[in-house]
file coords.txt (compact mmCIF, C-alpha atoms)
# COMPACT_ATOMS: atom_id res chain seq x y z
CA MET A 279 -4.90 -53.13 -51.18
CA LEU A 280 -8.34 -52.07 -50.05
CA ASN A 281 -7.47 -52.99 -46.49
CA ASP A 282 -4.27 -50.97 -46.67
CA LYS A 283 -6.12 -47.87 -47.86
CA LYS A 284 -8.64 -48.19 -45.02
CA GLY A 285 -5.79 -48.59 -42.58
CA ASP A 286 -4.05 -45.51 -43.94
CA PHE A 287 -7.27 -43.52 -43.69
CA GLU A 288 -7.83 -44.48 -40.02
CA LEU A 289 -4.24 -43.67 -39.22
CA GLY A 290 -4.73 -40.28 -40.92
CA TRP A 291 -7.70 -39.37 -38.72
CA GLU A 292 -5.84 -40.41 -35.60
CA LYS A 293 -2.83 -38.32 -36.57
CA LEU A 294 -5.07 -35.37 -37.46
CA PHE A 295 -6.80 -35.59 -34.07
CA GLU A 296 -3.44 -35.77 -32.34
CA ILE A 297 -2.14 -32.74 -34.23
CA ILE A 298 -5.32 -30.71 -33.51
CA PHE A 299 -5.13 -31.62 -29.81
CA VAL A 300 -1.46 -30.67 -29.51
CA VAL A 301 -1.93 -27.41 -31.47
CA MET A 302 -4.94 -26.43 -29.30
CA LEU A 303 -3.10 -27.29 -26.09
CA PHE A 304 -0.02 -25.30 -27.03
CA GLY A 305 -2.17 -22.47 -28.41
CA ALA A 306 -3.92 -22.19 -25.04
CA LEU A 307 -0.55 -22.42 -23.31
CA PHE A 308 0.97 -19.60 -25.40
CA TRP A 309 -2.11 -17.45 -24.82
CA PHE A 310 -1.88 -18.07 -21.07
CA VAL A 311 1.89 -17.39 -20.89
CA GLY A 312 1.42 -14.26 -23.05
CA SER A 313 -1.36 -12.84 -20.90
CA GLN A 314 0.57 -13.54 -17.71
CA GLY A 315 3.73 -12.07 -19.22
CA LYS A 316 1.85 -8.86 -20.05
CA GLY A 317 1.00 -8.69 -16.35
CA ASP A 318 -2.80 -8.97 -16.57
CA LEU A 319 -3.09 -10.64 -13.18
CA ALA A 320 -0.58 -8.28 -11.56
CA GLN A 321 -2.38 -5.28 -13.09
CA GLU A 322 -5.73 -6.34 -11.62
CA GLN A 323 -4.14 -6.94 -8.22
CA VAL A 324 -2.29 -3.62 -8.06
CA ILE A 325 -5.32 -1.58 -9.18
CA ALA A 326 -7.58 -3.38 -6.65
CA LYS A 327 -5.17 -2.75 -3.78
CA GLU A 328 -4.45 0.87 -4.75
CA THR A 329 -8.17 1.57 -5.03
CA CYS A 330 -8.80 -0.06 -1.66
CA LEU A 331 -6.11 2.03 0.05
CA LEU A 332 -7.39 5.21 -1.59
CA ALA A 333 -11.00 4.49 -0.64
CA ALA A 334 -10.11 3.45 2.91
CA SER A 335 -8.05 6.59 3.51
CA SER A 336 -10.71 8.94 2.10
CA PRO A 337 -13.01 10.69 4.56
CA SER A 338 -16.75 10.08 4.27
CA GLY A 339 -18.49 12.42 1.85
CA SER A 340 -15.57 12.48 -0.57
CA ALA A 341 -15.49 11.34 -4.20
CA LEU A 342 -12.63 9.64 -6.00
CA GLU A 343 -11.88 9.75 -9.71
CA ILE A 344 -9.64 6.93 -10.87
CA GLY A 345 -8.19 6.99 -14.37
CA HIS A 346 -7.29 3.69 -16.05
CA ALA A 347 -7.23 1.82 -19.37
CA LYS A 348 -10.60 1.48 -21.12
CA ASN A 349 -10.74 -2.30 -20.68
CA ILE A 350 -10.45 -2.07 -16.88
CA VAL A 351 -13.64 -2.42 -14.83
CA ILE A 352 -13.63 -1.54 -11.12
CA GLU A 353 -16.59 -2.73 -9.07
CA SER A 354 -17.50 -3.31 -5.45
CA LYS A 355 -18.50 -6.66 -3.98
CA GLY A 356 -19.67 -6.43 -0.39
CA SER A 357 -16.97 -4.44 1.36
CA GLY A 358 -14.36 -5.58 -1.18
CA ILE A 359 -13.14 -4.32 -4.56
CA VAL A 360 -13.18 -6.34 -7.78
CA VAL A 361 -10.99 -5.36 -10.74
CA LYS A 362 -11.47 -7.00 -14.15
CA ASN A 363 -9.25 -6.39 -17.16
CA SER A 364 -12.08 -7.38 -19.50
CA LYS A 365 -15.81 -7.82 -19.07
CA SER A 366 -15.48 -11.61 -19.40
CA SER A 367 -12.65 -11.86 -16.84
CA LEU A 368 -13.34 -13.35 -13.40
CA GLY A 369 -11.43 -10.46 -11.92
CA TYR A 370 -9.37 -9.99 -8.77
CA LEU A 371 -11.21 -9.49 -5.49
CA TYR A 372 -9.48 -7.69 -2.66
CA PRO A 373 -11.29 -7.58 0.69
CA CYS A 374 -11.46 -3.93 1.67
CA TYR A 375 -13.29 -1.70 4.17
CA LEU A 376 -15.96 -0.09 2.03
CA LYS A 377 -19.24 0.97 3.52
CA ASP A 378 -22.03 2.12 1.21
CA ALA A 379 -19.61 3.22 -1.52
CA GLU A 380 -21.03 4.02 -4.94
CA PHE A 381 -19.14 2.95 -8.05
CA MET A 382 -19.65 4.35 -11.52
CA ASN A 383 -17.61 3.21 -14.52
CA LYS A 384 -17.26 5.55 -17.50
CA ASP A 385 -14.85 4.42 -20.27
CA ASP A 386 -11.39 5.12 -18.88
CA LYS A 387 -12.53 6.50 -15.51
CA THR A 388 -14.20 5.13 -12.40
CA TYR A 389 -15.89 7.41 -9.91
CA ILE A 390 -16.25 6.25 -6.31
CA GLY A 391 -18.47 8.05 -3.87
CA ILE A 392 -17.57 7.42 -0.23
CA LYS A 393 -20.58 7.80 2.06
CA MET B 84 -3.37 -64.77 -36.65
CA MET B 85 -3.77 -61.59 -38.65
CA ASN B 86 -6.43 -60.26 -36.24
CA ARG B 87 -4.26 -60.93 -33.22
CA THR B 88 -1.34 -59.08 -34.75
CA ASN B 89 -3.61 -56.12 -35.57
CA LYS B 90 -4.95 -56.00 -32.03
CA LYS B 91 -1.45 -56.04 -30.62
CA ALA B 92 -0.42 -53.31 -33.03
CA GLN B 93 -3.46 -51.21 -32.11
CA MET B 94 -2.72 -51.62 -28.42
CA GLY B 95 0.88 -50.68 -28.98
CA TYR B 96 -0.16 -47.62 -30.98
CA GLY B 97 -2.65 -46.66 -28.24
CA MET B 98 0.00 -46.96 -25.57
CA GLU B 99 2.39 -44.84 -27.61
CA TRP B 100 -0.31 -42.19 -28.09
CA LEU B 101 -1.14 -42.18 -24.37
CA TYR B 102 2.56 -41.91 -23.50
CA LYS B 103 2.97 -38.92 -25.83
CA MET B 104 -0.13 -37.22 -24.39
CA VAL B 105 1.05 -37.73 -20.81
CA ILE B 106 4.42 -36.17 -21.65
CA ILE B 107 2.77 -33.20 -23.41
CA VAL B 108 0.33 -32.63 -20.52
CA VAL B 109 3.16 -32.86 -17.94
CA ILE B 110 5.28 -30.33 -19.90
CA ALA B 111 2.31 -27.95 -20.38
CA GLY B 112 1.32 -28.31 -16.72
CA GLY B 113 4.90 -27.59 -15.66
CA ILE B 114 5.00 -24.42 -17.77
CA VAL B 115 1.64 -23.26 -16.34
CA PHE B 116 2.85 -23.94 -12.78
CA VAL B 117 6.14 -22.05 -13.27
CA VAL B 118 4.43 -19.08 -14.97
CA LEU B 119 1.69 -18.91 -12.32
CA SER B 120 4.13 -19.13 -9.42
CA HIS B 121 6.27 -16.40 -11.01
CA TYR B 122 3.58 -13.94 -12.05
CA SER B 123 1.07 -14.40 -9.21
CA LYS B 124 3.33 -12.83 -6.59
CA GLN B 125 1.33 -10.76 -4.16
CA VAL B 126 2.03 -7.18 -3.13
CA ASP B 127 1.80 -6.88 0.65
CA VAL B 128 -0.15 -3.73 1.52
CA ARG B 129 -1.25 -4.75 5.02
CA ASP B 130 1.12 -2.34 6.81
CA LEU B 131 -0.33 0.57 4.83
CA GLU B 132 -3.85 -0.68 5.48
CA ALA B 133 -3.17 -0.96 9.21
CA SER B 134 -1.85 2.60 9.44
CA ILE B 135 -4.85 3.91 7.45
CA ILE B 136 -7.31 2.05 9.71
CA SER B 137 -5.43 3.24 12.79
CA ARG B 138 -5.63 6.91 11.73
CA LYS B 139 -9.29 6.52 10.78
CA LEU B 140 -10.14 4.97 14.15
CA ALA B 141 -8.25 7.70 16.00
CA GLU B 142 -10.19 10.30 14.02
CA CYS B 143 -13.50 8.58 14.89
CA ILE B 144 -12.71 8.27 18.59
CA ALA B 145 -11.30 11.77 18.86
CA PRO B 146 -12.14 14.06 15.90
CA ASN B 147 -9.47 16.79 15.71
CA GLY B 148 -7.87 15.29 18.82
CA ILE B 149 -10.84 15.90 21.11
CA PHE B 150 -12.43 12.81 22.66
CA LYS B 151 -15.91 11.98 21.33
CA GLU B 152 -16.83 8.36 22.05
CA PHE B 153 -15.23 5.00 22.64
CA SER B 154 -17.37 1.87 22.24
CA ASN B 155 -17.55 -1.35 20.23
CA SER B 156 -20.47 -0.11 18.12
CA SER B 157 -18.83 3.26 17.37
CA VAL B 158 -15.66 1.49 16.17
CA ILE B 159 -17.63 -0.90 13.91
CA GLU B 160 -19.69 2.04 12.67
CA CYS B 161 -16.46 3.92 11.92
CA ILE B 162 -14.91 1.26 9.69
CA PRO B 163 -16.46 -2.05 8.58
CA VAL B 164 -13.92 -4.79 9.33
CA ASP B 165 -14.00 -8.52 8.76
CA GLU B 166 -13.46 -9.77 12.32
CA ARG B 167 -12.01 -13.09 11.11
CA ASN B 168 -9.13 -11.29 9.40
CA ILE B 169 -8.30 -8.52 11.81
CA TYR B 170 -7.60 -7.86 15.46
CA ILE B 171 -7.94 -4.38 16.90
CA ASN B 172 -7.10 -3.43 20.47
CA ILE B 173 -7.77 0.14 21.51
CA THR B 174 -6.55 1.40 24.87
CA LEU B 175 -7.51 4.70 26.40
CA GLY B 176 -6.40 5.27 29.98
CA ASN B 177 -7.51 2.17 31.88
CA ASP B 178 -10.11 1.21 29.28
CA CYS B 179 -9.38 -1.46 26.72
CA LEU B 180 -11.48 -2.46 23.70
CA PRO B 181 -10.52 -5.63 21.81
CA ILE B 182 -12.26 -6.52 18.50
CA GLY B 183 -11.69 -9.49 16.20
CA ASP B 184 -9.58 -12.64 16.25
CA ASP B 185 -7.21 -12.54 19.26
CA PHE B 186 -5.11 -15.39 17.82
CA LEU B 187 -3.53 -12.72 15.60
CA LEU B 188 -2.31 -10.95 18.75
CA LYS B 189 -0.60 -14.18 19.85
CA LEU B 190 1.05 -14.48 16.44
CA CYS B 191 2.29 -10.89 16.70
CA GLN B 192 3.69 -11.57 20.18
CA THR B 193 5.43 -14.66 18.83
CA MET B 194 7.00 -12.59 16.06
CA GLU B 195 8.18 -9.99 18.59
CA GLN B 196 10.13 -12.75 20.30
CA LYS B 197 12.06 -13.18 17.00
CA MET B 198 10.39 -16.50 16.25
CA LYS B 199 9.74 -17.30 12.61
CA VAL B 200 6.10 -17.51 11.53
CA ALA B 201 5.59 -18.73 7.96
CA LYS B 202 2.18 -17.16 7.39
CA TYR B 203 2.51 -14.04 9.47
CA PRO B 204 0.04 -11.21 10.07
CA SER B 205 0.90 -7.54 9.79
CA CYS B 206 1.24 -5.98 13.25
CA ASN B 207 0.92 -2.24 13.73
CA TYR B 208 0.93 -0.21 16.93
CA ALA B 209 0.32 3.52 17.05
CA ASN B 210 -0.07 6.05 19.85
CA TYR B 211 -2.02 9.30 19.64
CA MET B 212 -2.32 12.08 22.18
CA ILE B 213 -5.91 13.25 22.60
CA ILE B 214 -7.75 15.60 24.92
CA LYS B 215 -10.34 14.01 27.18
CA ASP B 216 -12.14 15.98 29.87
CA GLY B 217 -9.61 18.80 29.45
CA LYS B 218 -6.63 16.49 30.05
CA ALA B 219 -4.15 14.97 27.63
CA GLU B 220 -4.50 11.20 27.36
CA LYS B 221 -2.72 8.53 25.37
CA LEU B 222 -4.81 6.61 22.86
CA GLY B 223 -3.12 3.36 21.82
CA ILE B 224 -4.34 1.45 18.78
CA PHE B 225 -2.95 -1.99 18.01
CA ILE B 226 -3.97 -3.55 14.69
CA ALA B 227 -3.09 -6.99 13.33
CA ILE B 228 -4.25 -7.88 9.82
CA ASN B 229 -4.27 -11.43 8.52
CA LYS B 230 -5.42 -11.48 4.83
CA ILE B 231 -2.61 -13.93 4.02
CA GLU B 232 -4.11 -15.29 0.78
CA SER B 233 -4.25 -11.85 -0.82
CA ASN B 234 -0.94 -10.48 0.47
CA LEU B 235 1.65 -13.24 0.87
call {"tool": "encode", "arguments": {"input": "coords.txt", "output": "C-alpha cells"}}
result
Amino acid sequence: MLNDKKGDFELGWEKLFEIIFVVMLFGALFWFVGSQGKGDLAQEQVIAKETCLLAASSPSGSALEIGHAKNIVIESKGSGIVVKNSKSSLGYLYPCYLKDAEFMNKDDKTYIGIK
Amino acid sequence: MMNRTNKKAQMGYGMEWLYKMVIIVVIAGGIVFVVLSHYSKQVDVRDLEASIISRKLAECIAPNGIFKEFSNSSVIECIPVDERNIYINITLGNDCLPIGDDFLLKLCQTMEQKMKVAKYPSCNYANYMIIKDGKAEKLGIFIAINKIESNL
C-alpha cells in the first residue's frame, strides 16, 4: 500500500513535469506564431529598407523626420540601419550607405541628420 | 523478480516519454519552420538602391550636369559602399573606373544571356549627358548590387 502511494506520487511528478514542459513549449510556439503573424519581422525589415532608401537619396546637409509607432527604435550601425520593434529586440540590420549620419529617437519620431 | 519488472516498466515508460517528446518537438519545429519561411520573405529594394546610387554618383561627378571630378577617391568620398557587395563601373569618354567585386559583372552578363542564376544580383545601367570642357559627353554608370541575404 505504502509502495503504491510512493509509486503514484512519483508518477504524479513525472506527469506534472511533462505537462509543464508541453504547456511552456506550446506557449512559446503560440507567442512566436502570434508575433510573426502580426508582422513584427516584416515591419522591422520594411522600415529599415525605407529609411535606408530615404537616407541614401537625401542630399548632404538635409534632415529627415520619420514618424512611426512608439515602440519602434531606429538606429545606425556602421553604415547600416537597425530597426527594433522593442528595446529588447535584436532588431533587423540592413546594410546601407550612411556616412556620418546622426540619429535621434524621440517617442514616435526619429530624426536623421545627413552630413 | 519484482525489481526486474519495475526496471523494465521504468524503461518502457521512459521510452514512451522520449517518443512523445520527440513527436512534440518535431511538430513544434515544423510549425516554426513553416511560419518563418512564410513570414520572413524579403522585399527586394536593390533596383531602387542602384538607381539612387547612380543618380548620386552622377551628381558628384557632374554637379548640375557640369563635370567636376572623376577619380576612385572622389567616388568613395561621394557614397560609402561595401566593395564586397557592389560593383560600380563608371565610363566617361575613353576613361573607365571600376570599383568593387567584378564577379558581379560576370553574373550580370550571364543573366543578360538569358541564363538562370539562382542567387542573382541587381544590375542597373544608366546614361547621363554632362558637359565637360564645353562639350557634351556621355557618362555611363553601371551598378550591380549583391546583398542577397537581405533581399532574396
call {"tool": "interface_residues", "arguments": {"input": "coords.txt", "of": "chain B", "to": "chain A", "cutoff": "8 Å", "atoms": "only C-alpha atoms", "output": "PyMOL selection string"}}
result
chain B and resi 107+111+115+118-119+122-126+128+131-132+135-136+139+162-164+233
call {"tool": "write_last_selection", "arguments": {"input": "coords.txt", "atoms": "C-alpha atoms", "output": "short mmCIF file (atom, residue, chain, number, x, y, z; two decimals), in the coordinates of the input"}}
result
data_model
loop_
_atom_site.label_atom_id
_atom_site.label_comp_id
_atom_site.auth_asym_id
_atom_site.auth_seq_id
_atom_site.Cartn_x
_atom_site.Cartn_y
_atom_site.Cartn_z
CA ILE B 107 2.77 -33.20 -23.41
CA ALA B 111 2.31 -27.95 -20.38
CA VAL B 115 1.64 -23.26 -16.34
CA VAL B 118 4.43 -19.08 -14.97
CA LEU B 119 1.69 -18.91 -12.32
CA TYR B 122 3.58 -13.94 -12.05
CA SER B 123 1.07 -14.40 -9.21
CA LYS B 124 3.33 -12.83 -6.59
CA GLN B 125 1.33 -10.76 -4.16
CA VAL B 126 2.03 -7.18 -3.13
CA VAL B 128 -0.15 -3.73 1.52
CA LEU B 131 -0.33 0.57 4.83
CA GLU B 132 -3.85 -0.68 5.48
CA ILE B 135 -4.85 3.91 7.45
CA ILE B 136 -7.31 2.05 9.71
CA LYS B 139 -9.29 6.52 10.78
CA ILE B 162 -14.91 1.26 9.69
CA PRO B 163 -16.46 -2.05 8.58
CA VAL B 164 -13.92 -4.79 9.33
CA SER B 233 -4.25 -11.85 -0.82
#
call {"tool": "atom_distance", "arguments": {"input": "coords.txt", "atom1": "CA of Tyr389 in chain A", "atom2": "CA of Ile344 in chain A"}}
result
6.3 Å
call {"tool": "atom_distance", "arguments": {"input": "coords.txt", "atom1": "CA of Glu322 in chain A", "atom2": "CA of Ile350 in chain A"}}
result
8.3 Å
call {"tool": "atom_distance", "arguments": {"input": "coords.txt", "atom1": "CA of Ile169 in chain B", "atom2": "CA of Val360 in chain A"}}
result
20.3 Å
call {"tool": "closest_residue", "arguments": {"input": "coords.txt", "among": "B:Ser156, B:Ser120, B:Gln93, B:Asn207", "to": "Ile182 in chain B", "atoms": "all atoms listed in the file"}}
result
B:Ser156
call {"tool": "closest_residue", "arguments": {"input": "coords.txt", "among": "A:Gln321, A:Ser366, A:Thr388, A:Thr329", "to": "Lys348 in chain A", "atoms": "all atoms listed in the file"}}
result
A:Thr388
call {"tool": "residues_around", "arguments": {"input": "coords.txt", "residues": "Cys143 in chain B", "least_positions_apart": "6", "cutoff": "9 Å", "atoms": "only C-alpha atoms", "output": "list of chain:residue names"}}
result
B:Phe150, B:Lys151, B:Glu152, B:Phe153, B:Ser157, B:Val158, B:Cys161
call {"tool": "build_atoms", "arguments": {"input": "coords.txt", "residues": "range 334-355 of chain A", "atoms": "N, CA and C atoms", "output": "compact mmCIF listing (two decimals), keeping the file's coordinate frame"}}
result
# COMPACT_ATOMS: atom_id res chain seq x y z
N ALA A 334 -10.15 3.59 1.45
CA ALA A 334 -10.11 3.45 2.91
C ALA A 334 -9.57 4.71 3.58
N SER A 335 -8.64 5.40 2.89
CA SER A 335 -8.05 6.59 3.51
C SER A 335 -8.87 7.86 3.25
N SER A 336 -9.90 7.75 2.40
CA SER A 336 -10.71 8.94 2.10
C SER A 336 -11.77 9.17 3.17
N PRO A 337 -11.96 10.41 3.56
CA PRO A 337 -13.01 10.69 4.56
C PRO A 337 -14.41 10.52 3.95
N SER A 338 -15.39 10.26 4.79
CA SER A 338 -16.75 10.08 4.27
C SER A 338 -17.23 11.39 3.65
N GLY A 339 -18.00 11.25 2.58
CA GLY A 339 -18.49 12.42 1.85
C GLY A 339 -17.59 12.82 0.70
N SER A 340 -16.47 12.11 0.53
CA SER A 340 -15.57 12.48 -0.57
C SER A 340 -15.84 11.62 -1.81
N ALA A 341 -15.33 12.08 -2.95
CA ALA A 341 -15.49 11.34 -4.20
C ALA A 341 -14.12 11.14 -4.84
N LEU A 342 -13.91 9.95 -5.37
CA LEU A 342 -12.63 9.64 -6.00
C LEU A 342 -12.82 9.50 -7.50
N GLU A 343 -11.86 9.96 -8.26
CA GLU A 343 -11.88 9.75 -9.71
C GLU A 343 -10.62 8.99 -10.06
N ILE A 344 -10.80 7.78 -10.57
CA ILE A 344 -9.64 6.93 -10.87
C ILE A 344 -9.54 6.75 -12.38
N GLY A 345 -8.42 7.15 -12.93
CA GLY A 345 -8.19 6.99 -14.37
C GLY A 345 -7.49 5.66 -14.64
N HIS A 346 -7.90 4.98 -15.71
CA HIS A 346 -7.29 3.69 -16.05
C HIS A 346 -7.53 3.38 -17.52
N ALA A 347 -7.01 2.23 -17.97
CA ALA A 347 -7.23 1.82 -19.37
C ALA A 347 -8.71 1.51 -19.57
N LYS A 348 -9.16 1.62 -20.84
CA LYS A 348 -10.60 1.48 -21.12
C LYS A 348 -11.14 0.09 -20.79
N ASN A 349 -10.26 -0.92 -20.90
CA ASN A 349 -10.74 -2.30 -20.68
C ASN A 349 -10.91 -2.64 -19.19
N ILE A 350 -10.39 -1.78 -18.32
CA ILE A 350 -10.45 -2.07 -16.88
C ILE A 350 -11.83 -1.73 -16.31
N VAL A 351 -12.35 -2.65 -15.51
CA VAL A 351 -13.64 -2.42 -14.83
C VAL A 351 -13.40 -2.54 -13.33
N ILE A 352 -13.77 -1.50 -12.58
CA ILE A 352 -13.63 -1.54 -11.12
C ILE A 352 -15.03 -1.56 -10.51
N GLU A 353 -15.27 -2.58 -9.68
CA GLU A 353 -16.59 -2.73 -9.07
C GLU A 353 -16.44 -3.02 -7.58
N SER A 354 -17.54 -2.92 -6.86
CA SER A 354 -17.50 -3.31 -5.45
C SER A 354 -18.24 -4.63 -5.28
N LYS A 355 -17.80 -5.42 -4.32
CA LYS A 355 -18.50 -6.66 -3.98
C LYS A 355 -18.49 -6.77 -2.46
